[in-house]
2 protein chains.
Amino acid sequence: MPVPLHKVAINTATLGYKLPIRQTVDAIARAGFGGIAPWRREIGSGEASTIGRCIRDAGLRVSGYCRSTYFPAATPECRIGNIEDNRQALRDAADLGAECFVLVAGGLPEGSRDLPDARRQIADGIAALMSEAAGLGVALAIEPLHPMYAADRSCVNTIEQALDLCALIDPSGRGPLGVAIDVYHTWWDPKLPEMIRRAGRENRILAYHVNDWLSPTSDLLMDRGLPGEGVIDLPRIGACIRDAGYHGLFELEVFSDRLGDLPSNELLKRCAESISAL
Amino acid sequence: MPVPLHKVAINTATLGYKLPIRQTVDAIARAGFGGIAPWRREIGSGEASTIGRCIRDAGLRVSGYCRSTYFPAATPECRIGNIEDNRQALRDAADLGAECFVLVAGGLPEGSRDLPDARRQIADGIAALMSEAAGLGVALAIEPLHPMYAADRSCVNTIEQALDLCALIDPSGRGPLGVAIDVYHTWWDPKLPEMIRRAGRENRILAYHVNDWLSPTSDLLMDRGLPGEGVIDLPRIGACIRDAGYHGLFELEVFSDRLGDLPSNELLKRCAESISAL
């Protein structure tokens, strides 16, 4: 089933943050997409409401706001500071009208080898945001990251683990908490179909991010592909996501030095072409 | 609990295959290690018995023989050829006196995006080796590889998946089939302790490979660390492995361009020092 362009959002990392956010919004809307996922670096202090209006005026939805400050830290003071940062970002997410605030949880604190402790810090940090998120009406989307990022970006590394974390923090399942499923991070998982179904049953799928895994991959961070350029079976995963009850935007998030060098309009054209592979 | 040197084997990839195998055997034995894990590229046709004797004469055990030809292939003919290659390698493993033959299962065939099919081909390929392995008395050790290798090296990516595969192929649990647990591939797994315990209960732990995950990691293949250089909690995982009933050799397997440039004797000295981090 082809995905129509207006059901696809562009994560601004895909464009390499080259233009000011208002121009990025215009370019994405002009290209026919239905949504945008901006990053905090693009939203100046106090600007979120204005930019949220500008996005709505352009006819776009905000599929997600990227992303949390990492939770784990070497000292209690830093952990508290990280939570405060995330509270402010949550308020901005609300002002932007974001459908979720994306939680990239963080890896091991400097000098630590204690994964279970980092994971406890992540659970505590997310729990500390729950009432504010509920009050603001912004859902918290835990994004499991590929295991190759466990040390430095997130030690939440499978959908199963993220769902277990949701169940721990929000046992009733009524809180504003769920998962962002990104194919780059999860395509390899032998339990992927089972866990997408579970996420659907538990009403936890908040976002779906698409891109592709290049084989070979030359860089751990900046060598993703556009849909169709790599080895991920995107139609199969997309069908599974829809069967699980997700009918939100498909967000195109492609970190790539190779693509980031293209002019934004050329890149948006290639993004639009790539969705035939979804 | 410190690991004594005679309980540690050196995988020859750690030394970069710079010396002929007989000299490598001598160097490893002289440095005080208790075992070696050679690679097929080092063993000429018909040489396995002689080299096996040379290894035993040097007082070393063979912790494993590296490694299988990848199972998945684009055509049935190639799949059969891969199994035949592995049959020959199994006979060499027996002649070498190897404690297991290491199965690195293979990724997606050229042009394929069908992970479930590649995984079925792996199950079929391993099943086809079982009676020969039993006859030769060589155990087959499925090594789950890090998910970042799912496309090109192995789409067996977690211990859980490898154990499920063992249960599928060998439901009685009496066959010569189990897992090689390598910390580099599995350290991030939130289910690691649970799955090591399960592997122990099911009597499936055939090998334990040690090294370290550097943070940051600059290359997907050739940037591993010696134990202690990275972020893996090796004492915790080692205790878990022993508690699960594994009392075999700890095999040091470190793919590293940085270390591979060192002279073998200097590198073996650094290997010997590094085991204090286990």
# chains A, B, ... in the order shown; residues from 1 in each chain; ligands from 1

call {"tool": "closest_atom_pairs", "arguments": {"of": "chain B", "to": "chain A", "cutoff": "6 Å", "atoms": "only C-alpha atoms", "output": "Markdown table"}}
result
| residue | atom | partner | partner_atom | distance |
| --- | --- | --- | --- | --- |
| B:Arg113 | CA | A:Val231 | CA | 5.1 |
| B:Val231 | CA | A:Arg113 | CA | 5.1 |
| B:Ile232 | CA | A:Arg113 | CA | 5.9 |
| B:Asp233 | CA | A:Arg113 | CA | 5.4 |

call {"tool": "select_by_dssp", "arguments": {"residues": "segment 92-237 of chain A", "states": "strand (DSSP E)", "output": "ChimeraX atom specification"}}
result
/A:100-103,139-142,177-182,205-210,212-213,224-225

call {"tool": "write_last_selection", "arguments": {"atoms": "N, CA and C atoms", "output": "CSV table (one decimal), in the first residue's frame"}}
result
chain,number,residue,atom,x,y,z
A,100,CYS,N,4.5,14.2,20.1
A,100,CYS,CA,5.2,13.5,21.2
A,100,CYS,C,6.6,14.2,21.4
A,101,PHE,N,7.1,14.0,22.6
A,101,PHE,CA,8.5,14.5,22.9
A,101,PHE,C,9.4,13.2,22.9
A,102,VAL,N,10.4,13.2,22.0
A,102,VAL,CA,11.2,12.0,21.8
A,102,VAL,C,12.3,11.8,22.8
A,103,LEU,N,12.2,10.7,23.5
A,103,LEU,CA,13.2,10.5,24.6
A,103,LEU,C,14.3,9.6,24.0
A,139,ALA,N,2.8,13.5,24.9
A,139,ALA,CA,3.2,12.2,25.1
A,139,ALA,C,4.7,12.0,25.1
A,140,LEU,N,5.2,11.2,26.0
A,140,LEU,CA,6.7,10.9,26.0
A,140,LEU,C,6.9,9.6,25.2
A,141,ALA,N,7.8,9.7,24.2
A,141,ALA,CA,8.0,8.6,23.3
A,141,ALA,C,9.4,8.1,23.5
A,142,ILE,N,9.6,7.0,24.2
A,142,ILE,CA,10.9,6.4,24.4
A,142,ILE,C,11.3,5.7,23.1
A,177,LEU,N,2.7,7.9,27.8
A,177,LEU,CA,4.0,7.3,27.7
A,177,LEU,C,3.9,6.1,26.6
A,178,GLY,N,4.9,6.1,25.7
A,178,GLY,CA,4.9,5.0,24.7
A,178,GLY,C,6.3,5.0,24.1
A,179,VAL,N,6.3,4.4,22.9
A,179,VAL,CA,7.6,4.2,22.2
A,179,VAL,C,7.5,4.9,20.8
A,180,ALA,N,8.7,5.3,20.4
A,180,ALA,CA,9.0,5.7,19.0
A,180,ALA,C,9.7,4.6,18.3
A,181,ILE,N,9.2,4.0,17.3
A,181,ILE,CA,9.8,2.9,16.6
A,181,ILE,C,10.5,3.3,15.4
A,182,ASP,N,11.8,3.2,15.4
A,182,ASP,CA,12.7,3.6,14.2
A,182,ASP,C,13.2,2.4,13.6
A,205,ILE,N,2.3,2.8,20.6
A,205,ILE,CA,3.1,3.3,19.5
A,205,ILE,C,2.8,4.8,19.2
A,206,LEU,N,3.8,5.6,19.5
A,206,LEU,CA,3.6,7.1,19.3
A,206,LEU,C,4.2,7.6,18.1
A,207,ALA,N,5.2,6.9,17.5
A,207,ALA,CA,5.8,7.5,16.3
A,207,ALA,C,6.5,6.3,15.6
A,208,TYR,N,6.6,6.5,14.3
A,208,TYR,CA,7.3,5.5,13.4
A,208,TYR,C,8.3,6.3,12.5
A,209,HIS,N,9.5,5.9,12.7
A,209,HIS,CA,10.6,6.6,11.9
A,209,HIS,C,11.1,5.7,10.8
A,210,VAL,N,11.3,6.2,9.6
A,210,VAL,CA,11.8,5.4,8.5
A,210,VAL,C,13.0,6.0,7.9
A,212,ASP,N,16.9,3.8,6.1
A,212,ASP,CA,17.4,2.5,5.6
A,212,ASP,C,18.8,2.2,6.1
A,213,TRP,N,19.1,0.9,6.2
A,213,TRP,CA,20.4,0.5,6.7
A,213,TRP,C,21.2,0.1,5.4
A,224,ARG,N,23.3,6.7,7.2
A,224,ARG,CA,22.0,6.0,7.0
A,224,ARG,C,21.6,6.2,5.5
A,225,GLY,N,20.6,5.4,5.1
A,225,GLY,CA,20.1,5.6,3.7
A,225,GLY,C,18.7,6.1,3.7

call {"tool": "residues_around", "arguments": {"residues": "segment 6-17 of chain A", "least_positions_apart": "3", "cutoff": "6 Å", "atoms": "only C-alpha atoms", "output": "list in words"}}
result
Phe33, Gly34, Gly35, Ile36, Ala37, Pro38, Leu249, Phe250, Glu251, Leu252, Glu253, Val254, Phe255 and Gly260 of chain A

call {"tool": "closest_residue", "arguments": {"among": "B:Ile122, B:Ala128, B:Ile196, B:Val62", "to": "Arg87 of chain B", "atoms": "only C-alpha atoms"}}
result
B:Ala128

call {"tool": "atom_distance", "arguments": {"atom1": "atom CA of Leu268 of chain A", "atom2": "atom CA of Arg153 of chain A"}}
result
27.4 Å

call {"tool": "closest_residue", "arguments": {"among": "A:Leu129, A:Ile241, A:Ala105, A:Pro227", "to": "Ser274 of chain A", "atoms": "only C-alpha atoms"}}
result
A:Pro227

call {"tool": "select_by_dssp", "arguments": {"residues": "segment 20-156 of chain A", "states": "helix (DSSP H, G or I)", "output": "PyMOL selection string"}}
result
chain A and resi 21-30+40-42+48-57+76-96+115-136+147-149

call {"tool": "residues_around", "arguments": {"residues": "segment 40-45 of chain B", "least_positions_apart": "3", "cutoff": "8 Å", "atoms": "only C-alpha atoms", "output": "short mmCIF file (atom, residue, chain, number, x, y, z; two decimals) with N, CA and C atoms, in the first residue's frame"}}
result
data_model
loop_
_atom_site.label_atom_id
_atom_site.label_comp_id
_atom_site.auth_asym_id
_atom_site.auth_seq_id
_atom_site.Cartn_x
_atom_site.Cartn_y
_atom_site.Cartn_z
N TYR B 17 47.12 -12.58 12.31
CA TYR B 17 47.60 -13.65 11.40
C TYR B 17 48.95 -13.29 10.76
N PRO B 20 53.29 -17.50 10.59
CA PRO B 20 52.77 -18.83 10.25
C PRO B 20 52.24 -19.50 11.52
N ILE B 21 51.27 -20.39 11.37
CA ILE B 21 50.54 -20.92 12.52
C ILE B 21 51.46 -21.59 13.56
N ALA B 48 45.49 -30.28 9.15
CA ALA B 48 44.86 -30.09 10.46
C ALA B 48 45.41 -31.05 11.53
N ILE B 51 48.93 -29.99 12.65
CA ILE B 51 48.91 -28.76 13.45
C ILE B 51 48.23 -29.01 14.80
N TYR B 65 37.38 -23.40 16.73
CA TYR B 65 37.94 -23.29 15.38
C TYR B 65 37.06 -22.31 14.63
N CYS B 66 37.69 -21.26 14.06
CA CYS B 66 36.98 -20.16 13.41
C CYS B 66 37.09 -20.30 11.90
N ARG B 67 36.05 -20.16 11.26
CA ARG B 67 34.66 -20.22 11.59
C ARG B 67 33.90 -20.75 10.41
N ALA B 89 35.28 -28.25 7.05
CA ALA B 89 35.85 -27.50 8.18
C ALA B 89 35.62 -28.25 9.50
#

call {"tool": "closest_residue", "arguments": {"among": "A:Leu221, A:Ile126, A:Ala98, A:Val183", "to": "Ile237 of chain A", "atoms": "only C-alpha atoms"}}
result
A:Val183

call {"tool": "atom_distance", "arguments": {"atom1": "atom CA of Gly81 of chain B", "atom2": "atom CA of Arg174 of chain B"}}
result
27.2 Å

call {"tool": "residues_around", "arguments": {"residues": "Ile159 of chain B", "least_positions_apart": "3", "cutoff": "7 Å", "atoms": "only C-alpha atoms", "output": "MDAnalysis selection string"}}
result
chainID B and resid 144 162:163 195

call {"tool": "write_last_selection", "arguments": {"atoms": "C-alpha atoms", "output": "mmCIF file, in the first residue's frame"}}
result
data_model
loop_
_atom_site.group_PDB
_atom_site.id
_atom_site.type_symbol
_atom_site.label_atom_id
_atom_site.label_comp_id
_atom_site.auth_asym_id
_atom_site.auth_seq_id
_atom_site.Cartn_x
_atom_site.Cartn_y
_atom_site.Cartn_z
ATOM 1 C CA PRO B 144 25.290 -14.427 18.083
ATOM 2 C CA ALA B 162 20.594 -18.447 19.356
ATOM 3 C CA LEU B 163 19.121 -20.512 22.200
ATOM 4 C CA MET B 195 19.981 -15.413 28.902
#
